[in-house]
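Engineer: File name my_file-v9.cif; file contents mmCIF, C-alpha atoms and all ligand atoms; full text below.
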```cif
data_query
loop_
_atom_site.label_atom_id
_atom_site.label_comp_id
_atom_site.auth_asym_id
_atom_site.auth_seq_id
_atom_site.Cartn_x
_atom_site.Cartn_y
_atom_site.Cartn_z
CA MET A 29 -40.05 32.90 9.12
CA ALA A 30 -43.34 32.89 11.03
CA ILE A 31 -43.63 35.31 13.91
CA HIS A 32 -45.06 33.50 16.92
CA PRO A 33 -46.99 35.29 19.69
CA PHE A 34 -44.74 37.09 22.16
CA ILE A 35 -44.59 39.64 24.96
CA TYR A 36 -42.09 42.46 24.81
CA GLN A 37 -41.49 44.79 27.71
CA ALA A 38 -38.82 47.46 27.32
CA ASN A 39 -36.94 48.61 30.42
CA PRO A 40 -37.49 52.35 30.79
CA VAL A 41 -34.11 54.01 30.50
CA ARG A 42 -32.85 57.07 28.70
CA VAL A 43 -29.68 56.64 26.63
CA VAL A 44 -27.30 59.37 25.56
CA PHE A 45 -24.72 57.93 23.18
CA GLY A 46 -21.64 59.24 21.40
CA ALA A 47 -18.06 60.44 21.64
CA GLY A 48 -17.92 63.41 24.01
CA SER A 49 -21.42 62.78 25.39
CA LEU A 50 -20.13 63.00 28.97
CA CYS A 51 -20.61 66.75 28.51
CA HIS A 52 -24.36 66.09 28.94
CA LEU A 53 -23.92 64.73 32.46
CA ALA A 54 -24.97 67.89 34.32
CA THR A 55 -28.07 68.19 32.13
CA GLU A 56 -28.97 64.58 32.85
CA VAL A 57 -28.62 65.18 36.60
CA ASP A 58 -30.86 68.23 36.24
CA ARG A 59 -33.43 66.23 34.29
CA LEU A 60 -33.79 63.94 37.32
CA GLY A 61 -34.60 66.98 39.43
CA ALA A 62 -31.43 66.25 41.43
CA ARG A 63 -29.03 68.87 42.76
CA ARG A 64 -26.06 66.95 44.22
CA ALA A 65 -24.58 63.80 42.71
CA LEU A 66 -22.15 61.44 44.45
CA VAL A 67 -19.72 59.98 41.90
CA LEU A 68 -19.02 56.25 42.35
CA CYS A 69 -15.97 54.51 40.88
CA THR A 70 -13.29 51.91 41.64
CA PRO A 71 -9.97 52.92 43.27
CA GLY A 72 -8.36 52.34 39.85
CA GLN A 73 -10.64 54.91 38.23
CA ALA A 74 -10.31 57.53 41.01
CA ARG A 75 -8.73 60.08 38.68
CA ALA A 76 -11.51 59.70 36.13
CA GLY A 77 -13.96 59.99 39.03
CA ALA A 78 -12.39 63.26 40.14
CA ARG A 79 -12.63 64.60 36.56
CA VAL A 80 -16.31 63.75 36.46
CA ALA A 81 -16.86 65.44 39.83
CA ALA A 82 -15.09 68.53 38.51
CA LEU A 83 -17.33 68.48 35.45
CA LEU A 84 -20.37 68.43 37.75
CA GLY A 85 -19.05 71.49 39.62
CA GLU A 86 -21.55 72.66 42.23
CA ARG A 87 -23.74 69.61 41.47
CA SER A 88 -20.98 67.32 42.82
CA ALA A 89 -21.37 65.76 46.26
CA GLY A 90 -17.88 64.24 46.05
CA VAL A 91 -16.37 60.94 44.94
CA PHE A 92 -16.74 57.50 46.53
CA ALA A 93 -13.85 55.58 44.95
CA HIS A 94 -14.29 52.26 46.73
CA ALA A 95 -16.34 50.15 44.33
CA VAL A 96 -15.09 46.54 44.20
CA MET A 97 -16.09 43.38 42.33
CA HIS A 98 -19.31 41.62 43.44
CA VAL A 99 -20.62 44.47 45.64
CA PRO A 100 -19.79 43.44 49.23
CA ILE A 101 -22.64 44.63 51.47
CA GLU A 102 -20.11 46.63 53.53
CA SER A 103 -19.15 48.77 50.51
CA ALA A 104 -22.81 49.29 49.59
CA ARG A 105 -23.53 50.48 53.16
CA ALA A 106 -20.46 52.72 53.21
CA ALA A 107 -21.49 54.31 49.90
CA ARG A 108 -25.05 54.82 51.08
CA ASP A 109 -23.78 56.43 54.32
CA GLU A 110 -21.44 58.67 52.34
CA ALA A 111 -24.31 59.71 50.06
CA ARG A 112 -26.37 60.61 53.12
CA ARG A 113 -23.50 62.45 54.81
CA ALA A 114 -22.75 64.45 51.65
CA GLY A 115 -26.42 65.31 51.10
CA ALA A 116 -26.48 63.55 47.71
CA ASP A 117 -29.84 63.16 46.01
CA CYS A 118 -28.43 61.21 43.04
CA ALA A 119 -25.42 59.02 42.19
CA VAL A 120 -23.30 58.82 39.06
CA ALA A 121 -21.83 55.31 38.55
CA LEU A 122 -18.70 55.74 36.44
CA GLY A 123 -17.11 52.42 35.50
CA GLY A 124 -17.75 48.78 34.68
CA GLY A 125 -20.17 46.26 36.11
CA SER A 126 -18.67 46.51 39.60
CA THR A 127 -19.39 50.22 39.90
CA THR A 128 -22.80 49.98 38.23
CA GLY A 129 -23.54 47.17 40.69
CA LEU A 130 -22.67 49.43 43.62
CA GLY A 131 -25.01 52.10 42.22
CA LYS A 132 -27.77 49.51 41.96
CA ALA A 133 -27.29 48.42 45.58
CA ILE A 134 -27.64 52.05 46.70
CA ALA A 135 -30.72 52.55 44.51
CA LEU A 136 -32.32 49.42 45.97
CA GLU A 137 -31.88 50.50 49.58
CA SER A 138 -32.28 54.25 49.37
CA GLY A 139 -34.20 54.89 46.15
CA LEU A 140 -31.48 57.31 45.01
CA PRO A 141 -31.69 57.76 41.22
CA ILE A 142 -28.62 56.59 39.29
CA VAL A 143 -26.99 57.95 36.16
CA ALA A 144 -24.71 55.25 34.76
CA VAL A 145 -21.61 56.08 32.75
CA PRO A 146 -20.34 52.66 31.63
CA THR A 147 -16.67 52.23 30.77
CA THR A 148 -16.61 48.48 30.02
CA TYR A 149 -18.91 46.25 27.95
CA ALA A 150 -20.50 44.33 30.86
CA GLY A 151 -23.94 45.81 30.14
CA SER A 152 -25.20 45.86 33.74
CA GLU A 153 -26.59 49.39 33.22
CA MET A 154 -29.27 47.92 30.94
CA THR A 155 -30.55 45.27 33.34
CA PRO A 156 -32.74 45.22 36.46
CA ILE A 157 -30.41 42.49 37.79
CA TYR A 158 -28.40 43.24 40.92
CA GLY A 159 -26.05 41.27 43.14
CA ILE A 160 -24.89 41.86 46.70
CA THR A 161 -22.31 39.74 48.51
CA GLU A 162 -22.86 39.08 52.21
CA GLY A 163 -20.88 36.63 54.32
CA GLY A 164 -19.09 35.37 51.20
CA LEU A 165 -22.36 34.56 49.39
CA LYS A 166 -23.51 36.61 46.38
CA LYS A 167 -27.27 36.95 46.16
CA THR A 168 -28.61 38.07 42.78
CA SER A 169 -32.12 39.11 41.97
CA ARG A 170 -34.16 41.38 39.70
CA ASP A 171 -35.85 44.59 40.74
CA ALA A 172 -36.96 47.43 38.50
CA ARG A 173 -35.89 49.93 41.19
CA VAL A 174 -32.19 49.29 40.48
CA MET A 175 -32.39 50.34 36.82
CA PRO A 176 -30.34 53.48 36.16
CA ARG A 177 -32.59 56.35 35.13
CA ALA A 178 -30.20 57.55 32.45
CA VAL A 179 -27.13 56.06 30.79
CA ILE A 180 -24.39 58.06 29.13
CA TYR A 181 -22.30 56.00 26.72
CA ASP A 182 -19.19 57.96 25.86
CA PRO A 183 -16.66 55.84 23.92
CA GLU A 184 -13.92 58.34 24.75
CA LEU A 185 -14.04 57.02 28.32
CA THR A 186 -13.14 53.55 27.07
CA LEU A 187 -10.01 54.53 25.12
CA ASP A 188 -7.76 53.48 28.01
CA LEU A 189 -9.54 50.23 28.82
CA PRO A 190 -6.69 47.70 28.70
CA LEU A 191 -6.86 45.42 25.68
CA ALA A 192 -7.10 42.24 27.78
CA ILE A 193 -10.18 43.58 29.60
CA THR A 194 -11.56 44.93 26.32
CA VAL A 195 -11.58 41.46 24.75
CA THR A 196 -13.02 39.54 27.71
CA SER A 197 -15.57 42.27 28.39
CA ALA A 198 -16.69 42.11 24.73
CA PHE A 199 -17.11 38.33 25.15
CA ASN A 200 -19.17 38.98 28.27
CA ALA A 201 -21.45 41.15 26.10
CA ILE A 202 -21.61 38.61 23.27
CA ALA A 203 -22.61 35.96 25.81
CA HIS A 204 -25.61 38.03 26.96
CA ALA A 205 -26.85 38.28 23.39
CA ALA A 206 -26.09 34.67 22.45
CA GLU A 207 -28.16 33.33 25.36
CA GLY A 208 -30.92 35.83 24.64
CA LEU A 209 -31.27 34.22 21.21
CA TYR A 210 -32.51 30.97 22.78
CA ALA A 211 -34.13 32.32 25.96
CA PRO A 212 -37.70 31.12 26.58
CA ASP A 213 -38.85 34.74 26.79
CA GLY A 214 -36.96 35.91 23.71
CA ASN A 215 -38.84 37.61 20.91
CA PRO A 216 -38.17 39.04 17.43
CA VAL A 217 -37.25 42.49 18.76
CA ILE A 218 -34.76 41.08 21.25
CA ALA A 219 -33.33 38.82 18.54
CA LEU A 220 -32.64 41.86 16.33
CA MET A 221 -30.79 43.54 19.19
CA ALA A 222 -28.89 40.36 19.99
CA GLU A 223 -27.73 39.79 16.44
CA GLU A 224 -26.63 43.38 15.96
CA GLY A 225 -24.97 43.42 19.38
CA ILE A 226 -22.92 40.30 18.61
CA ARG A 227 -21.94 41.72 15.24
CA ALA A 228 -20.85 45.10 16.62
CA CYS A 229 -18.86 43.67 19.56
CA ALA A 230 -17.09 41.01 17.49
CA ALA A 231 -16.30 43.34 14.59
CA ALA A 232 -14.65 45.87 16.92
CA LEU A 233 -12.03 43.42 18.20
CA ALA A 234 -9.65 43.33 15.21
CA PRO A 235 -9.38 47.13 14.84
CA LEU A 236 -8.94 47.46 18.61
CA GLN A 237 -6.18 44.85 18.57
CA ALA A 238 -4.39 47.02 16.00
CA ASP A 239 -5.06 50.26 17.88
CA ALA A 240 -6.77 50.14 21.27
CA ARG A 241 -7.53 53.88 20.98
CA ASN A 242 -9.45 53.57 17.69
CA LEU A 243 -12.49 55.71 18.55
CA ASP A 244 -14.72 54.30 15.80
CA ALA A 245 -14.09 50.74 16.98
CA ARG A 246 -14.60 51.84 20.62
CA SER A 247 -17.96 53.34 19.57
CA ASP A 248 -18.97 50.11 17.81
CA ALA A 249 -18.04 48.00 20.83
CA LEU A 250 -19.93 50.24 23.27
CA TYR A 251 -22.97 50.32 20.99
CA GLY A 252 -22.82 46.51 20.84
CA ALA A 253 -22.49 46.34 24.62
CA TRP A 254 -25.61 48.47 25.02
CA LEU A 255 -27.61 46.14 22.77
CA CYS A 256 -26.26 42.99 24.42
CA GLY A 257 -26.96 44.38 27.91
CA SER A 258 -30.52 45.19 26.83
CA VAL A 259 -30.94 41.58 25.73
CA LEU A 260 -29.74 40.31 29.10
CA GLY A 261 -32.09 42.70 30.87
CA ALA A 262 -35.10 41.43 28.93
CA THR A 263 -34.56 37.67 28.95
CA THR A 264 -34.06 34.70 31.27
CA MET A 265 -30.54 33.34 31.54
CA GLY A 266 -29.69 29.75 30.61
CA LEU A 267 -26.83 27.31 30.98
CA HIS A 268 -24.02 29.68 30.07
CA HIS A 269 -24.80 32.41 32.60
CA LYS A 270 -25.71 29.89 35.30
CA LEU A 271 -22.40 28.07 34.85
CA CYS A 272 -20.51 31.37 34.92
CA HIS A 273 -22.22 32.38 38.16
CA THR A 274 -21.55 28.98 39.71
CA LEU A 275 -17.87 29.06 38.81
CA GLY A 276 -17.44 32.75 39.62
CA GLY A 277 -19.21 32.46 42.97
CA SER A 278 -17.94 29.10 44.20
CA PHE A 279 -14.37 29.27 42.91
CA ASN A 280 -13.85 33.03 42.86
CA LEU A 281 -12.92 33.11 39.16
CA PRO A 282 -12.75 36.46 37.31
CA HIS A 283 -16.12 37.36 35.79
CA ALA A 284 -15.45 38.36 32.17
CA GLU A 285 -12.73 35.71 31.73
CA VAL A 286 -15.10 32.92 32.82
CA HIS A 287 -17.60 34.13 30.22
CA THR A 288 -14.89 34.11 27.56
CA VAL A 289 -13.78 30.56 28.30
CA LEU A 290 -17.23 29.00 28.75
CA LEU A 291 -19.27 30.60 25.97
CA PRO A 292 -18.02 28.34 23.12
CA HIS A 293 -18.64 25.23 25.26
CA ALA A 294 -22.12 26.29 26.43
CA LEU A 295 -23.14 27.09 22.84
CA ALA A 296 -21.81 23.73 21.61
CA TYR A 297 -23.81 21.98 24.34
CA ASN A 298 -27.01 23.75 23.27
CA ALA A 299 -26.38 23.90 19.50
CA ALA A 300 -28.59 21.01 18.38
CA SER A 301 -31.48 22.25 20.53
CA ALA A 302 -31.15 25.90 19.54
CA ARG A 303 -30.56 25.82 15.80
CA ASP A 304 -32.16 29.17 15.02
CA ALA A 305 -30.12 30.90 17.74
CA LEU A 306 -26.89 29.47 16.33
CA ARG A 307 -27.95 30.43 12.80
CA ARG A 308 -28.50 34.02 13.90
CA ALA A 309 -25.24 34.13 15.87
CA GLY A 310 -23.47 32.76 12.80
CA ARG A 311 -25.06 35.41 10.60
CA ALA A 312 -23.89 38.09 13.04
CA LEU A 313 -20.35 36.74 12.89
CA GLY A 314 -20.42 36.14 9.14
CA ILE A 315 -19.84 32.38 9.55
CA ASP A 316 -21.70 29.08 9.29
CA ALA A 317 -23.99 28.23 12.23
CA ASP A 318 -22.17 24.94 12.86
CA THR A 319 -18.85 26.68 13.33
CA VAL A 320 -20.00 29.32 15.87
CA PRO A 321 -18.68 27.63 19.04
CA ARG A 322 -15.32 26.78 17.53
CA GLU A 323 -14.92 30.19 15.84
CA LEU A 324 -15.72 32.02 19.07
CA GLN A 325 -12.99 30.06 20.81
CA GLU A 326 -10.64 30.93 17.95
CA LEU A 327 -11.63 34.60 18.22
CA ALA A 328 -10.67 34.59 21.90
CA ARG A 329 -7.38 32.81 21.15
CA ARG A 330 -6.54 35.24 18.34
CA HIS A 331 -6.91 38.12 20.78
CA GLN A 332 -4.82 36.45 23.50
CA ALA A 333 -7.82 35.98 25.80
CA PRO A 334 -7.93 32.91 28.05
CA THR A 335 -9.50 29.78 26.53
CA SER A 336 -9.17 27.37 29.46
CA LEU A 337 -10.51 27.36 33.00
CA ALA A 338 -7.14 26.05 34.18
CA ALA A 339 -5.53 29.28 32.98
CA ILE A 340 -7.85 31.46 35.08
CA GLY A 341 -7.46 29.64 38.38
CA MET A 342 -10.08 26.88 38.37
CA PRO A 343 -8.91 23.99 40.59
CA ALA A 344 -9.06 20.62 38.78
CA ASP A 345 -10.57 18.99 41.86
CA GLY A 346 -13.47 21.46 41.76
CA LEU A 347 -14.91 20.20 38.46
CA ASP A 348 -17.08 17.50 40.04
CA ARG A 349 -18.56 19.94 42.53
CA ALA A 350 -19.16 22.46 39.72
CA ALA A 351 -21.08 19.80 37.74
CA ASP A 352 -23.14 18.95 40.86
CA LEU A 353 -23.95 22.62 41.44
CA ALA A 354 -24.90 23.12 37.78
CA VAL A 355 -27.74 20.58 37.99
CA GLN A 356 -28.83 21.35 41.56
CA THR A 357 -31.40 24.05 40.80
CA PRO A 358 -33.33 23.68 37.55
CA TYR A 359 -33.59 26.59 35.11
CA PRO A 360 -34.78 26.94 31.53
CA ASN A 361 -32.31 25.81 28.88
CA PRO A 362 -32.87 24.54 25.34
CA ARG A 363 -31.15 21.21 26.09
CA THR A 364 -31.87 19.20 29.22
CA LEU A 365 -29.17 19.57 31.84
CA GLU A 366 -27.44 16.21 32.14
CA ARG A 367 -24.79 15.87 34.80
CA SER A 368 -22.42 13.61 32.89
CA ALA A 369 -22.61 15.75 29.73
CA LEU A 370 -22.01 18.88 31.80
CA ARG A 371 -19.07 17.24 33.54
CA GLY A 372 -17.62 16.59 30.07
CA LEU A 373 -18.25 20.22 29.09
CA LEU A 374 -16.46 21.44 32.21
CA GLN A 375 -13.50 19.14 31.55
CA ARG A 376 -13.14 20.44 27.98
CA ALA A 377 -13.43 24.03 29.23
CA PHE A 378 -10.83 23.28 31.89
CA ASP A 379 -8.43 21.84 29.31
CA GLY A 380 -9.13 24.48 26.67
CA ALA A 381 -10.20 21.68 24.32
CA VAL A 382 -12.34 22.08 21.22
CA PRO A 383 -16.02 22.69 22.16
CA GLN A 384 -18.30 19.69 21.51
CA ALA A 385 -21.98 18.87 21.93
N1 LIG B 401 -26.22 42.91 36.96
C1 LIG B 401 -25.90 42.72 35.70
O1 LIG B 401 -26.73 42.76 34.82
C2 LIG B 401 -24.46 42.46 35.36
C3 LIG B 401 -24.07 42.28 34.02
C4 LIG B 401 -22.72 42.08 33.75
C5 LIG B 401 -21.79 42.08 34.79
N2 LIG B 401 -22.21 42.26 36.07
C6 LIG B 401 -21.25 42.27 37.20
O2 LIG B 401 -20.24 43.22 36.89
C7 LIG B 401 -19.00 42.80 37.45
C8 LIG B 401 -17.93 42.78 36.36
O3 LIG B 401 -17.93 44.00 35.65
P1 LIG B 401 -16.78 44.33 34.62
O4 LIG B 401 -16.42 43.11 33.87
O5 LIG B 401 -17.22 45.53 33.88
O6 LIG B 401 -15.52 44.62 35.54
P2 LIG B 401 -15.20 45.78 36.61
O7 LIG B 401 -16.30 46.75 36.71
O8 LIG B 401 -14.81 45.06 37.86
O9 LIG B 401 -13.94 46.49 35.95
C9 LIG B 401 -12.75 45.75 35.75
C10 LIG B 401 -11.53 46.65 35.97
O10 LIG B 401 -11.43 47.55 34.88
C11 LIG B 401 -11.22 48.87 35.36
N3 LIG B 401 -11.83 49.74 34.35
C12 LIG B 401 -13.12 49.83 34.02
N4 LIG B 401 -13.29 50.67 32.99
C13 LIG B 401 -12.06 51.14 32.67
C14 LIG B 401 -11.60 52.06 31.67
N5 LIG B 401 -12.43 52.58 30.76
N6 LIG B 401 -10.29 52.31 31.62
C15 LIG B 401 -9.42 51.72 32.48
N7 LIG B 401 -9.80 50.84 33.44
C16 LIG B 401 -11.13 50.55 33.53
C17 LIG B 401 -11.90 48.90 36.71
O11 LIG B 401 -11.35 49.89 37.54
C18 LIG B 401 -11.60 47.50 37.23
O12 LIG B 401 -10.35 47.46 37.85
C19 LIG B 401 -19.24 41.43 38.05
O13 LIG B 401 -19.43 41.56 39.45
C20 LIG B 401 -20.54 40.96 37.39
O14 LIG B 401 -21.25 40.06 38.19
C21 LIG B 401 -23.52 42.45 36.38
#
```
Just give me the structure of the file as C-alpha cells.
Structural biologist:
Amino acid sequence: MAIHPFIYQANPVRVVFGAGSLCHLATEVDRLGARRALVLCTPGQARAGARVAALLGERSAGVFAHAVMHVPIESARAARDEARRAGADCAVALGGGSTTGLGKAIALESGLPIVAVPTTYAGSEMTPIYGITEGGLKKTSRDARVMPRAVIYDPELTLDLPLAITVTSAFNAIAHAAEGLYAPDGNPVIALMAEEGIRACAAALAPLQADARNLDARSDALYGAWLCGSVLGATTMGLHHKLCHTLGGSFNLPHAEVHTVLLPHALAYNAASARDALRRAGRALGIDADTVPRELQELARRHQAPTSLAAIGMPADGLDRAADLAVQTPYPNPRTLERSALRGLLQRAFDGAVPQA
C-alpha cells in the first residue's frame, strides 16, 4: 500500500502502564514539581479515592468525591475552589471519563497539572477534548492545556468495574479507533494504533465475560483503551461521534451505551465510502470487512449490552429531531450526510435492527 503524505503530531503525555503501577503515583506527583495533590473521583468511587489519598500521604490535599457525568460547571467550580482552599498544586483524576473531564475543566481554568488514573476504557485522558455543561448545554472543545501531564494505567483498579460498564466502555473505545481509521487527518501511525486498539479491546471481552477479574484480560482492555483514546485525541470525529453527542446531549442518553448501539449502524452507513477503514477493522477483529458492522452488533448482543436506542431511553418521537440535528452543522465524514438516509439509520438503531448502508 502506498503511503501518502501526512502530518502526525503526538500529544505530549507520559504513560506508566501495568498491574500495580499505582505505586508510582507519588513519584509522578513529584516529577511535576507538585507537593499537594487533590484527588478527584465520583461519589461511587469515594473509597478508592480515599485509598489513593492515603497512598499519597503528606502529598495529599484531600479528596473531592463529587465528579458527575458531563461536568456541570458548578462541580468544576466547586472542585477548583476546593483545590484552592486545600492549597493543592496538582490534581489526581481517579476514575472514568466523568472524573477525567472534571480534571480537565480544572486544568483549563486554573492551569493545575493533572495526573490521570483511568478506571474505565473511555480514553479521555489521551485527548485534548473537554466538555463543560452550563445551563443544560454541553460545550465541547479542544485545548492542549487540558491534557493530563501523566497517566497511570493500573489494570488492578479496573477489576471491580461492573461487566455491563466494561462492555459498553470497551465499545466506546473501539468507536474512537474505528472512526480514526477514516478520519480526514488519519495517518499510518494512527491507523496502527487504531487497529491494535480495536483488537485488544474486542479480544478482552470473552475472557472478561467468563471472569471479570481476569487481570490479563483487564490489562489487554486497558492497553486497547489507551491506544483508542490516543486515536481520538489525534483525529477529527465523524458521523458516529457526532450522532452520539447529539443523542447524548439532546435526549440525555447514557454515553457508553449510545456508542455501543450506534457504532454498527454508523459503520454500515460509511462502509462503501471507507473501504480501507473497514478492511483494517475487520483484520483487527479477525473477520471479513463486509461483516464488521453486523459482527460488532453481535458482539454487543453476546455480551448482553444494549443494541437498540429504544432500550436505553430514546423517545420514538425524537428520531426526526435527531435526524435534523445530525445534518444541521456540517463535519467531515467519508459519506455525504443525507437526512433521509440518516433518518433510516436512526430508525434501525432505535429498533435494534440489522445495520445497513
Ligand atoms: N473528552 C474526551 O475525550 C472523552 C472521551 C470519552 C468520554 N468522555 C466523557 O466521559 C464521560 C463518560 O465516561 P465513562 O464512560 O468512563 O463513565 P463514568 O466516568 O461516568 O463512569 C461510569 C460509572 O462507573 C463508575 N466506575 C468507574 N470506574 C470504575 C471502576 N474501576 N470500578 C467500579 N466502578 C467504576 C463510576 O463511578 C461511574 O459511576 C462522558 O461525559 C463522555 O462525554 C470524554
Engineer: Can you work out which one of A:Ala249, A:Val143, A:Ala133, A:Ala150 has the shortest atom-to-atom distance to A:Asp171, counting all atoms listed in the file?
Structural biologist: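 Closest candidate: A:Ala133.
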Engineer: Taking into account all atoms listed in the file, which residue in the set A:Val217, A:Leu191, A:Ile226, A:Leu295 is nearest to ligand LIG 401 (chain B)?
Structural biologist: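 Looking only at the distances to ligand LIG 401 (chain B), the closest residue turns out to be A:Leu191.
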Engineer: Using all atoms listed in the file, which protein or nucleic acid residues come within 12 Å of A:Tyr36? Drop anything in the same chain fewer than 4 positions from it, and give the result as a list in words.
Structural biologist: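 Counting all atoms listed in the file, the residues come to Asp213, Gly214, Asn215, Pro216, Val217, Ile218, Ala219, Val259, Gly261, Ala262 and Thr263 of chain A.
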Engineer: Counting all atoms listed in the file, what residues are within 7 Å of ligand LIG 401 (chain B), given as a ChimeraX atom specification?
Structural biologist: /A:70-73,96-99,123-127,129,147-159,185-190,193,197,260-261,283-284
Engineer: Could the residues of stretch 224-302 of chain A that have an atom at most 10 Å from stretch 357-360 of chain A be listed as a tab-separated table, each with its closest atom pair and the distance in Å to one decimal, counting only C-alpha atoms and ordered by chain and ascending residue number?
Structural biologist:
```
residue	atom	partner	partner_atom	distance
A:Thr264	CA	A:Pro360	CA	7.8
A:Met265	CA	A:Pro360	CA	7.7
A:Gly266	CA	A:Pro360	CA	5.9
A:Leu267	CA	A:Tyr359	CA	8.0
A:Lys270	CA	A:Tyr359	CA	8.5
```
Engineer: Quick one, how far is atom CA of A:Val145 from atom CA of A:Gly115?
Structural biologist: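 If I compute the distance from atom CA of A:Val145 to atom CA of A:Gly115, I get 21.1 Å.
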Engineer: Restricting the calculation to all atoms listed in the file, which member of A:Leu122, A:Gln356, A:Ala309, A:Ser258 is positioned closest to A:Gln37?
Structural biologist: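 Looking only at the distances to A:Gln37, the closest residue turns out to be A:Ser258.
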Engineer: Quick check, in Å to one decimal: how far apart do atom CA of A:Arg113 and atom CA of A:Met175 lie?
Structural biologist: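 Computed distance, atom CA of A:Arg113 to atom CA of A:Met175, equals 23.4 Å.
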Engineer: State, in Å with one decimal place, the distance from atom CA of A:Thr319 to atom CA of A:Asp304.
Structural biologist: 13.6 Å
Engineer: List the residues sitting within 7 Å of (-26.8, 40.0, 23.6) in the file's frame, using only C-alpha atoms, as a list of chain:residue names.
Structural biologist: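 Every polymer residue passing the test: A:Ala201, A:Ile202, A:Ala203, A:His204, A:Ala205, A:Ala206, A:Gly208, A:Met221, A:Ala222, A:Gly225, A:Ile226, A:Leu255, A:Cys256, A:Gly257, A:Val259, A:Leu260.
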Engineer: Go ahead and dump the residues you just picked, C-alpha atoms, as a short mmCIF file (atom, residue, chain, number, x, y, z; two decimals), in the coordinates of the input.
Structural biologist:
```
data_model
loop_
_atom_site.label_atom_id
_atom_site.label_comp_id
_atom_site.auth_asym_id
_atom_site.auth_seq_id
_atom_site.Cartn_x
_atom_site.Cartn_y
_atom_site.Cartn_z
CA ALA A 201 -21.45 41.15 26.10
CA ILE A 202 -21.61 38.61 23.27
CA ALA A 203 -22.61 35.96 25.81
CA HIS A 204 -25.61 38.03 26.96
CA ALA A 205 -26.85 38.28 23.39
CA ALA A 206 -26.09 34.67 22.45
CA GLY A 208 -30.92 35.83 24.64
CA MET A 221 -30.79 43.54 19.19
CA ALA A 222 -28.89 40.36 19.99
CA GLY A 225 -24.97 43.42 19.38
CA ILE A 226 -22.92 40.30 18.61
CA LEU A 255 -27.61 46.14 22.77
CA CYS A 256 -26.26 42.99 24.42
CA GLY A 257 -26.96 44.38 27.91
CA VAL A 259 -30.94 41.58 25.73
CA LEU A 260 -29.74 40.31 29.10
#
```
Engineer: Could you pull out every residue with an atom within 9 Å of (-14.5, 39.0, 24.1), file coordinates, counting only C-alpha atoms, and send them as a PyMOL selection string?
Structural biologist: chain A and resi 192-203+229-230+233+284-285+287-288+324+327-328+331+333
Engineer: Using only C-alpha atoms, tabulate the residues of stretch 68-153 of chain A lying at most 7 Å from any atom of stretch 40-64 of chain A, each with its closest atom pair and that distance in Å to one decimal, by chain and increasing residue number, as a tab-separated table.
Structural biologist:
```
residue	atom	partner	partner_atom	distance
A:Leu84	CA	A:Ala54	CA	5.8
A:Arg87	CA	A:Arg64	CA	4.5
A:Ser88	CA	A:Arg64	CA	5.3
A:Ala89	CA	A:Arg64	CA	5.3
A:Ala116	CA	A:Arg64	CA	4.9
A:Asp117	CA	A:Arg64	CA	5.6
A:Cys118	CA	A:Ala62	CA	6.1
```
Engineer: Would you pick out the contacts of stretch 361-369 of chain A at 9 Å or less, using all atoms listed in the file, so that residues sharing its chain but fewer than 6 positions from it are not included, and give the list as JSON, numbers by chain?
Structural biologist: {"A": [210, 211, 212, 265, 266, 267, 297, 298, 299, 300, 301, 302, 351, 352, 354, 355, 385]}
Engineer: Using only C-alpha atoms for the distances, tell me which of A:Gly310, A:Pro141, A:Gly77, A:Gly252 is nearest to A:Arg177.
Structural biologist: A:Pro141
Engineer: Counting all atoms listed in the file, which of A:Gly85, A:Gly90, A:Gly163, A:Gly276 gets nearest to A:Leu337?
Structural biologist: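 That would be A:Gly276, the residue with the smallest distance to A:Leu337.
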Engineer: Quick one: of A:Leu136, A:Ala144, A:Ala232, A:Ala82, who's nearest to A:Cys69, counting only C-alpha atoms?
Structural biologist: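 Among the listed residues, the smallest separation from A:Cys69 belongs to A:Ala144.
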Engineer: With a distance cut-off of 9 Å and only C-alpha atoms, select the neighbouring residues of A:Gly341, excluding the residue or stretch itself and same-chain residues fewer than 3 positions from it, and output the selection as a ChimeraX atom specification.
Structural biologist: /A:279-282,337-338
